[in-house]
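Asker: If you scroll down you'll find the structure; I have some questions about it.
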Amino acid sequence: MRKTVLWVGIFAVLVLSMGVLDIEVSAGESEKLLARAIADYLVAGRTVIAVNQSIINDPSRGDSRFTPSVYDTLVRHEFRTLTGMDISDLHKGSDDPFASNLRSLHESAMGVISMFQARINRPGGGFKGVNPAMFGTWVGQNFNRKTGIILKQTSLKYRATYNQPDDFEISILKQYESSRKATPYYEETLENGKTFARYIVPLYITSECLACHGEPEGELDMTGRAKEGYSEGQLRGGISVVVPVGGK
Ligand code: HEC
């Protein structure tokens with residue numbers, strides 16, 4: 001009798017642990033977490049640039065007020081608030097793809113801020129070519145060269161051809177447009193026999209965006225591009241992440 005109970009117990013533990021293991025190893029799960037963290041990081045970094053935009057542009061502040069180390073401190077805080085994760089912890093367990101890819105992303109961003117430094121410190125007013133969109137573009141391209149992971153900002157009304165949405169992004173952005181408040185979207189797609197973890201976060205127009213993306217449509221903004229004529233609350237586009245499942 002006791003033996004039967006024991007065997008039933010062992011059997012139950014086995015079945016339960018198989019269930020748990022099954023979740024852990026399910027294809028694409030780790031890529032999904034990674035894709036989400038990458039998008040969150042860019043949201044955090046863009047926020048840091050947006051919040052400091054006036055310091056960056058201020059002609060009287062040609063004195064390194066916004067340095068890589070200032071960015072480093074602020075983005076750590078912003079990323080922790082968004083995700084509960086600490087970028088400092090990523091230095092541990094260095095071979096883990098999640099930690100190593102996020103570390104690469106942070107290093108890419110730090111490199112972009114260093115590159116921006118000369119422009120930021122330039123005395124004189126006006127737009128210095130440093131804003132959330134330019135930051136996102138450089139970081140995404142830099143990160144892509146290192147990891148093969150795609151990180152881009154996109155829109156149905158894109159300004160730069162490298163931001164042009166692909167068919168998948170077009171279909172999600174159109175769904176976003178037809179819903180009042182869209183939420184991030186995840187899907188695993190199969191393209192040419194390869195699986196990709198795809199994650200898209202919607203970006204909405206806030207008051208800070210209007211100087212460049214607002215009314216009147218067609219007027220040139222401070223960057224010399226035509227404004228799209230958006231108003232506050234409209235969908236501007238999204239941040240899109242594409243992670244190959246099972247490595248490159
Ligand atoms: C100082 C001007 C400026 C401001 C302010 C600005 N943007 Fe942009 N935005 C640009 C420029 C310039 C590009 C093209 C970037 C490139 O060439 O990669 C762009 C591109 C984008 C893109 C990529 C799609 C495309 O059109 O190529 C998105 C998404 C975007 N901006 C969203 C926003 C949001 C959301 C805000 C407000 C939170 C904002 N932008 C504020 C200038 C600005």
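Identifiers for the structure tokens are assigned positionally: chains receive A, B, ... in sequence, residues are indexed from 1 per chain, and ligands are indexed from 1 in the order shown.
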Write out as a JSON list (two decimals) with all heavy atoms, in the first residue's frame which residues come within 8 Å of segment 112-116 of chain A when counting only C-alpha atoms, dropping same-chain ones fewer than 6 positions away.
Answerer:
```
[["chain", "number", "residue", "atom", "x", "y", "z"],
["A", 67, "THR", "N", 26.42, 63.79, -20.59],
["A", 67, "THR", "CA", 27.57, 62.95, -20.95],
["A", 67, "THR", "C", 27.15, 61.47, -20.97],
["A", 67, "THR", "O", 26.06, 61.14, -20.48],
["A", 67, "THR", "CB", 28.67, 63.09, -19.88],
["A", 67, "THR", "OG1", 28.10, 62.66, -18.64],
["A", 67, "THR", "CG2", 29.16, 64.52, -19.77],
["A", 68, "PRO", "N", 28.03, 60.58, -21.47],
["A", 68, "PRO", "CA", 27.71, 59.15, -21.39],
["A", 68, "PRO", "C", 27.43, 58.72, -19.95],
["A", 68, "PRO", "O", 26.53, 57.92, -19.72],
["A", 68, "PRO", "CB", 28.97, 58.48, -21.95],
["A", 68, "PRO", "CG", 29.51, 59.48, -22.92],
["A", 68, "PRO", "CD", 29.24, 60.82, -22.29],
["A", 71, "TYR", "N", 23.94, 59.78, -19.01],
["A", 71, "TYR", "CA", 23.00, 58.88, -19.70],
["A", 71, "TYR", "C", 22.95, 57.53, -19.00],
["A", 71, "TYR", "O", 21.87, 56.97, -18.75],
["A", 71, "TYR", "CB", 23.40, 58.71, -21.18],
["A", 71, "TYR", "CG", 22.63, 57.59, -21.84],
["A", 71, "TYR", "CD1", 21.33, 57.80, -22.30],
["A", 71, "TYR", "CD2", 23.18, 56.31, -21.96],
["A", 71, "TYR", "CE1", 20.60, 56.76, -22.85],
["A", 71, "TYR", "CE2", 22.46, 55.27, -22.51],
["A", 71, "TYR", "CZ", 21.17, 55.50, -22.96],
["A", 71, "TYR", "OH", 20.45, 54.47, -23.50],
["A", 130, "VAL", "N", 20.58, 65.60, -32.39],
["A", 130, "VAL", "CA", 20.42, 64.61, -31.33],
["A", 130, "VAL", "C", 18.98, 64.68, -30.84],
["A", 130, "VAL", "O", 18.55, 65.68, -30.27],
["A", 130, "VAL", "CB", 21.37, 64.90, -30.14],
["A", 130, "VAL", "CG1", 21.15, 63.88, -29.03],
["A", 130, "VAL", "CG2", 22.81, 64.87, -30.60],
["A", 135, "PHE", "N", 18.69, 59.01, -32.05],
["A", 135, "PHE", "CA", 19.30, 58.11, -31.07],
["A", 135, "PHE", "C", 18.88, 56.67, -31.38],
["A", 135, "PHE", "O", 19.71, 55.76, -31.50],
["A", 135, "PHE", "CB", 18.87, 58.52, -29.66],
["A", 135, "PHE", "CG", 19.21, 57.53, -28.59],
["A", 135, "PHE", "CD1", 20.50, 57.42, -28.10],
["A", 135, "PHE", "CD2", 18.23, 56.69, -28.07],
["A", 135, "PHE", "CE1", 20.81, 56.50, -27.11],
["A", 135, "PHE", "CE2", 18.54, 55.77, -27.08],
["A", 135, "PHE", "CZ", 19.83, 55.67, -26.61],
["A", 138, "TRP", "N", 20.51, 55.23, -34.64],
["A", 138, "TRP", "CA", 21.92, 54.86, -34.49],
["A", 138, "TRP", "C", 22.10, 53.63, -33.62],
["A", 138, "TRP", "O", 22.87, 52.74, -33.94],
["A", 138, "TRP", "CB", 22.70, 56.03, -33.88],
["A", 138, "TRP", "CG", 23.02, 57.12, -34.85],
["A", 138, "TRP", "CD1", 22.37, 58.32, -34.98],
["A", 138, "TRP", "CD2", 24.07, 57.13, -35.83],
["A", 138, "TRP", "NE1", 22.95, 59.06, -35.97],
["A", 138, "TRP", "CE2", 23.99, 58.37, -36.50],
["A", 138, "TRP", "CE3", 25.06, 56.22, -36.19],
["A", 138, "TRP", "CZ2", 24.88, 58.72, -37.52],
["A", 138, "TRP", "CZ3", 25.94, 56.57, -37.21],
["A", 138, "TRP", "CH2", 25.84, 57.80, -37.86],
["A", 139, "VAL", "N", 21.37, 53.60, -32.50],
["A", 139, "VAL", "CA", 21.50, 52.46, -31.57],
["A", 139, "VAL", "C", 21.08, 51.17, -32.28],
["A", 139, "VAL", "O", 21.77, 50.15, -32.22],
["A", 139, "VAL", "CB", 20.66, 52.67, -30.28],
["A", 139, "VAL", "CG1", 20.64, 51.41, -29.43],
["A", 139, "VAL", "CG2", 21.20, 53.84, -29.48]]
```
Asker: With 6 Å as the cut-off and only C-alpha atoms and all ligand atoms counted, what is the closest atom pair between each nearby residue of chain A and ligand 1? Distances in Å to one decimal, ordered by chain and number, as a tab-separated table.
Answerer:
```
residue	atom	partner	partner_atom_place_in_ligand_line	distance
A:Asn131	CA	ligand 1	1 (C)	5.7
A:Ala133	CA	ligand 1	9 (N)	4.8
A:Met134	CA	ligand 1	15 (C)	5.1
A:Thr137	CA	ligand 1	18 (O)	5.0
A:Gln153	CA	ligand 1	23 (C)	4.6
A:Thr154	CA	ligand 1	24 (C)	4.2
A:Ser155	CA	ligand 1	24 (C)	4.7
A:Lys157	CA	ligand 1	26 (O)	5.8
A:Tyr158	CA	ligand 1	26 (O)	3.4
A:Arg159	CA	ligand 1	27 (O)	3.7
A:Ala160	CA	ligand 1	27 (O)	4.4
A:Asn163	CA	ligand 1	27 (O)	4.9
A:Leu203	CA	ligand 1	35 (C)	5.1
A:Tyr204	CA	ligand 1	35 (C)	5.2
A:Ile205	CA	ligand 1	35 (C)	5.0
A:Thr206	CA	ligand 1	38 (C)	5.6
A:Glu208	CA	ligand 1	37 (C)	5.2
A:Cys209	CA	ligand 1	37 (C)	3.4
A:Ala211	CA	ligand 1	5 (C)	5.6
A:Cys212	CA	ligand 1	2 (C)	4.4
A:Thr223	CA	ligand 1	12 (C)	5.6
A:Arg236	CA	ligand 1	29 (C)	5.7
A:Gly237	CA	ligand 1	29 (C)	4.6
A:Gly238	CA	ligand 1	29 (C)	5.4
```
Asker: Atoms to include: N, CA, C and O atoms. Write the selected residues as a tab-separated table (two decimals), in the first residue's frame.
Answerer:
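Result written to result11.tsv:
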```tsv
chain	number	residue	atom	x	y	z
A	131	ASN	N	18.21	63.63	-31.10
A	131	ASN	CA	16.84	63.55	-30.59
A	131	ASN	C	16.49	62.07	-30.43
A	131	ASN	O	17.28	61.21	-30.81
A	133	ALA	N	14.57	60.04	-31.98
A	133	ALA	CA	14.53	59.25	-33.21
A	133	ALA	C	15.93	58.97	-33.74
A	133	ALA	O	16.24	57.84	-34.12
A	134	MET	N	16.79	60.00	-33.76
A	134	MET	CA	18.15	59.79	-34.27
A	134	MET	C	18.91	58.85	-33.35
A	134	MET	O	19.65	57.98	-33.80
A	137	THR	N	17.71	55.35	-34.11
A	137	THR	CA	18.23	54.87	-35.39
A	137	THR	C	19.67	54.39	-35.26
A	137	THR	O	20.01	53.28	-35.67
A	153	GLN	N	12.78	51.72	-35.55
A	153	GLN	CA	11.58	52.54	-35.34
A	153	GLN	C	10.91	52.63	-36.69
A	153	GLN	O	11.57	52.82	-37.71
A	154	THR	N	9.62	52.45	-36.69
A	154	THR	CA	8.95	52.40	-37.98
A	154	THR	C	7.61	53.12	-37.92
A	154	THR	O	7.13	53.47	-36.84
A	155	SER	N	7.03	53.37	-39.09
A	155	SER	CA	5.78	54.11	-39.16
A	155	SER	C	5.16	53.88	-40.53
A	155	SER	O	5.86	53.63	-41.50
A	157	LYS	N	3.83	56.29	-41.99
A	157	LYS	CA	4.32	57.51	-42.67
A	157	LYS	C	5.79	57.67	-42.31
A	157	LYS	O	6.14	58.51	-41.48
A	158	TYR	N	6.65	56.85	-42.90
A	158	TYR	CA	8.06	56.88	-42.50
A	158	TYR	C	8.82	57.98	-43.23
A	158	TYR	O	8.53	58.31	-44.36
A	159	ARG	N	9.79	58.56	-42.51
A	159	ARG	CA	10.63	59.61	-43.09
A	159	ARG	C	11.84	59.02	-43.79
A	159	ARG	O	12.23	59.49	-44.84
A	160	ALA	N	12.47	58.04	-43.15
A	160	ALA	CA	13.71	57.48	-43.70
A	160	ALA	C	13.40	56.08	-44.25
A	160	ALA	O	12.67	55.32	-43.62
A	163	ASN	N	13.59	53.05	-42.14
A	163	ASN	CA	12.52	52.87	-41.15
A	163	ASN	C	11.24	52.30	-41.78
A	163	ASN	O	10.23	52.10	-41.09
A	203	LEU	N	3.98	53.58	-30.61
A	203	LEU	CA	4.47	54.90	-30.17
A	203	LEU	C	3.41	55.94	-30.52
A	203	LEU	O	2.97	56.02	-31.67
A	204	TYR	N	3.02	56.71	-29.53
A	204	TYR	CA	1.99	57.73	-29.74
A	204	TYR	C	2.58	59.14	-29.75
A	204	TYR	O	3.63	59.38	-29.16
A	205	ILE	N	1.89	60.03	-30.41
A	205	ILE	CA	2.30	61.44	-30.45
A	205	ILE	C	1.95	62.12	-29.13
A	205	ILE	O	0.80	62.08	-28.69
A	206	THR	N	2.98	62.70	-28.50
A	206	THR	CA	2.77	63.50	-27.30
A	206	THR	C	3.15	64.94	-27.65
A	206	THR	O	3.64	65.20	-28.75
A	208	GLU	N	5.63	66.69	-26.95
A	208	GLU	CA	7.04	66.89	-27.32
A	208	GLU	C	7.32	66.54	-28.79
A	208	GLU	O	8.33	66.93	-29.33
A	209	CYS	N	6.44	65.77	-29.40
A	209	CYS	CA	6.68	65.32	-30.78
A	209	CYS	C	6.21	66.35	-31.80
A	209	CYS	O	6.63	66.32	-32.96
A	211	ALA	N	6.60	69.52	-32.42
A	211	ALA	CA	7.51	70.47	-33.08
A	211	ALA	C	8.01	69.90	-34.41
A	211	ALA	O	8.23	70.64	-35.36
A	212	CYS	N	8.18	68.60	-34.48
A	212	CYS	CA	8.70	67.98	-35.71
A	212	CYS	C	7.64	67.19	-36.49
A	212	CYS	O	7.73	67.06	-37.70
A	223	THR	N	14.68	69.92	-38.25
A	223	THR	CA	15.67	69.00	-38.83
A	223	THR	C	15.66	69.10	-40.36
A	223	THR	O	16.40	68.40	-41.03
A	236	ARG	N	1.90	57.25	-33.92
A	236	ARG	CA	2.97	57.71	-34.80
A	236	ARG	C	3.62	56.53	-35.51
A	236	ARG	O	4.07	56.63	-36.63
A	237	GLY	N	3.73	55.42	-34.80
A	237	GLY	CA	4.39	54.24	-35.38
A	237	GLY	C	4.72	53.26	-34.29
A	237	GLY	O	3.95	53.13	-33.33
A	238	GLY	N	5.87	52.61	-34.41
A	238	GLY	CA	6.22	51.64	-33.38
A	238	GLY	C	7.71	51.36	-33.34
A	238	GLY	O	8.46	51.73	-34.23
```
Asker: Could you check the closest approach to Arg76 of chain A for each of A:Gly45, A:Ile172, A:Ile56, A:Val51 and tell me which residue wins, using only C-alpha atoms?
Answerer: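 Smallest distance to Arg76 of chain A is found for A:Gly45.
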Asker: Rank nothing, just name the residue among A:Gln234, A:Asn142, A:Thr81, A:Ser30 nearest to Glu177 of chain A, using only C-alpha atoms.
Answerer: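 Closest residue, counting only C-alpha atoms: A:Gln234.
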Asker: In Å to one decimal, how far is atom CA of Gly233 of chain A from atom CA of Glu187 of chain A?
Answerer: 25.6 Å
Asker: Which distance in Å separates atom CA of Ala37 of chain A and atom CA of Ala99 of chain A, to one decimal?
Answerer: 10.2 Å
Asker: Identify, with DSSP run on backbone atoms, the residues in segment 55-167 of chain A assigned to alpha helix (DSSP H), and express the list as number ranges by chain.
Answerer: A: 55-57, 68-83, 97-121, 132-147, 167
Asker: My list of candidates is A:Gln53, A:Thr73, A:Thr147, A:Ser171. Which is closest to Gly129 of chain A when distances are computed with only C-alpha atoms?
Answerer: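 Ranking A:Gln53, A:Thr73, A:Thr147, A:Ser171 by distance to Gly129 of chain A, first place goes to A:Gln53.
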Asker: Just give me the gap between atom CA of Gly124 of chain A and atom CA of Asp221 of chain A in Å, one decimal is fine.
Answerer: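 Separating atom CA of Gly124 of chain A from atom CA of Asp221 of chain A is a distance of 18.4 Å.
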Asker: Residues near Arg80 of chain A, anyone? I mean within 12 Å using only C-alpha atoms, not counting same-chain ones fewer than 2 positions away, as a ChimeraX atom specification.
Answerer: /A:37,40-41,43-45,73-78,82-89
Asker: Nearest to Leu33 of chain A among A:Ser108, A:Asn101, A:Asn52, A:Ser69, with distances taken over only C-alpha atoms: which residue is it?
Answerer: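 Ranking A:Ser108, A:Asn101, A:Asn52, A:Ser69 by distance to Leu33 of chain A, first place goes to A:Asn101.
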Asker: Name all residues at most 10 Å from Thr189 of chain A (count only C-alpha atoms; drop same-chain ones fewer than 5 positions away) and give them as a list of chain:residue names.
Answerer: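 Counting only C-alpha atoms, the residues come to A:Phe168, A:Lys194, A:Thr195, A:Phe196, A:Ala197, A:Arg198, A:Val242, A:Pro244, A:Val245.
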Asker: Let's have the selection written as a PDB file, in the first residue's frame, with all heavy atoms.
Answerer:
```pdb
ATOM      1  N   PHE A 168       4.749  42.554 -42.262  1.00  0.00           N
ATOM      2  CA  PHE A 168       4.289  42.216 -40.915  1.00  0.00           C
ATOM      3  C   PHE A 168       4.044  43.493 -40.105  1.00  0.00           C
ATOM      4  O   PHE A 168       2.991  43.659 -39.476  1.00  0.00           O
ATOM      5  CB  PHE A 168       5.352  41.342 -40.224  1.00  0.00           C
ATOM      6  CG  PHE A 168       4.999  40.954 -38.823  1.00  0.00           C
ATOM      7  CD1 PHE A 168       4.146  39.891 -38.577  1.00  0.00           C
ATOM      8  CD2 PHE A 168       5.527  41.650 -37.735  1.00  0.00           C
ATOM      9  CE1 PHE A 168       3.816  39.538 -37.282  1.00  0.00           C
ATOM     10  CE2 PHE A 168       5.203  41.298 -36.435  1.00  0.00           C
ATOM     11  CZ  PHE A 168       4.344  40.242 -36.209  1.00  0.00           C
ATOM     12  N   LYS A 194      12.886  29.825 -41.483  1.00  0.00           N
ATOM     13  CA  LYS A 194      13.476  30.243 -40.199  1.00  0.00           C
ATOM     14  C   LYS A 194      12.418  30.900 -39.321  1.00  0.00           C
ATOM     15  O   LYS A 194      11.533  31.604 -39.823  1.00  0.00           O
ATOM     16  CB  LYS A 194      14.616  31.244 -40.427  1.00  0.00           C
ATOM     17  CG  LYS A 194      15.833  30.617 -41.069  1.00  0.00           C
ATOM     18  CD  LYS A 194      17.080  31.427 -40.762  1.00  0.00           C
ATOM     19  CE  LYS A 194      17.494  31.298 -39.306  1.00  0.00           C
ATOM     20  NZ  LYS A 194      18.664  32.092 -38.968  1.00  0.00           N
ATOM     21  N   THR A 195      12.521  30.657 -38.009  1.00  0.00           N
ATOM     22  CA  THR A 195      11.544  31.237 -37.084  1.00  0.00           C
ATOM     23  C   THR A 195      12.101  32.520 -36.471  1.00  0.00           C
ATOM     24  O   THR A 195      13.285  32.591 -36.125  1.00  0.00           O
ATOM     25  CB  THR A 195      11.230  30.233 -35.961  1.00  0.00           C
ATOM     26  OG1 THR A 195      10.877  28.991 -36.571  1.00  0.00           O
ATOM     27  CG2 THR A 195      10.074  30.702 -35.092  1.00  0.00           C
ATOM     28  N   PHE A 196      11.248  33.521 -36.369  1.00  0.00           N
ATOM     29  CA  PHE A 196      11.648  34.793 -35.781  1.00  0.00           C
ATOM     30  C   PHE A 196      10.673  35.188 -34.680  1.00  0.00           C
ATOM     31  O   PHE A 196       9.464  35.011 -34.828  1.00  0.00           O
ATOM     32  CB  PHE A 196      11.681  35.904 -36.836  1.00  0.00           C
ATOM     33  CG  PHE A 196      12.725  35.676 -37.887  1.00  0.00           C
ATOM     34  CD1 PHE A 196      12.412  35.000 -39.067  1.00  0.00           C
ATOM     35  CD2 PHE A 196      14.030  36.116 -37.693  1.00  0.00           C
ATOM     36  CE1 PHE A 196      13.380  34.764 -40.024  1.00  0.00           C
ATOM     37  CE2 PHE A 196      15.007  35.880 -38.653  1.00  0.00           C
ATOM     38  CZ  PHE A 196      14.674  35.203 -39.820  1.00  0.00           C
ATOM     39  N   ALA A 197      11.228  35.714 -33.584  1.00  0.00           N
ATOM     40  CA  ALA A 197      10.406  36.265 -32.509  1.00  0.00           C
ATOM     41  C   ALA A 197      10.237  37.745 -32.825  1.00  0.00           C
ATOM     42  O   ALA A 197      11.223  38.475 -32.906  1.00  0.00           O
ATOM     43  CB  ALA A 197      11.117  36.082 -31.176  1.00  0.00           C
ATOM     44  N   ARG A 198       8.987  38.175 -33.036  1.00  0.00           N
ATOM     45  CA  ARG A 198       8.752  39.567 -33.442  1.00  0.00           C
ATOM     46  C   ARG A 198       7.917  40.294 -32.387  1.00  0.00           C
ATOM     47  O   ARG A 198       6.876  39.807 -31.955  1.00  0.00           O
ATOM     48  CB  ARG A 198       8.046  39.606 -34.795  1.00  0.00           C
ATOM     49  CG  ARG A 198       8.831  38.853 -35.869  1.00  0.00           C
ATOM     50  CD  ARG A 198       8.540  39.369 -37.235  1.00  0.00           C
ATOM     51  NE  ARG A 198       8.710  40.811 -37.326  1.00  0.00           N
ATOM     52  CZ  ARG A 198       8.910  41.451 -38.480  1.00  0.00           C
ATOM     53  NH1 ARG A 198       8.974  40.793 -39.613  1.00  0.00           N
ATOM     54  NH2 ARG A 198       9.034  42.756 -38.493  1.00  0.00           N
ATOM     55  N   VAL A 242      13.174  42.147 -34.026  1.00  0.00           N
ATOM     56  CA  VAL A 242      13.111  40.837 -34.674  1.00  0.00           C
ATOM     57  C   VAL A 242      14.305  40.000 -34.205  1.00  0.00           C
ATOM     58  O   VAL A 242      15.455  40.299 -34.539  1.00  0.00           O
ATOM     59  CB  VAL A 242      13.163  40.946 -36.226  1.00  0.00           C
ATOM     60  CG1 VAL A 242      12.888  39.591 -36.864  1.00  0.00           C
ATOM     61  CG2 VAL A 242      12.176  42.000 -36.739  1.00  0.00           C
ATOM     62  N   PRO A 244      16.067  36.275 -34.219  1.00  0.00           N
ATOM     63  CA  PRO A 244      16.038  34.928 -34.802  1.00  0.00           C
ATOM     64  C   PRO A 244      15.917  33.885 -33.675  1.00  0.00           C
ATOM     65  O   PRO A 244      16.657  33.971 -32.704  1.00  0.00           O
ATOM     66  CB  PRO A 244      17.384  34.793 -35.507  1.00  0.00           C
ATOM     67  CG  PRO A 244      18.028  36.134 -35.468  1.00  0.00           C
ATOM     68  CD  PRO A 244      17.378  36.915 -34.372  1.00  0.00           C
ATOM     69  N   VAL A 245      14.987  32.930 -33.803  1.00  0.00           N
ATOM     70  CA  VAL A 245      14.826  31.908 -32.766  1.00  0.00           C
ATOM     71  C   VAL A 245      15.879  30.831 -32.975  1.00  0.00           C
ATOM     72  O   VAL A 245      16.061  30.335 -34.084  1.00  0.00           O
ATOM     73  CB  VAL A 245      13.398  31.306 -32.799  1.00  0.00           C
ATOM     74  CG1 VAL A 245      13.276  30.129 -31.834  1.00  0.00           C
ATOM     75  CG2 VAL A 245      12.376  32.378 -32.447  1.00  0.00           C
TER      76      VAL A 245
END
```
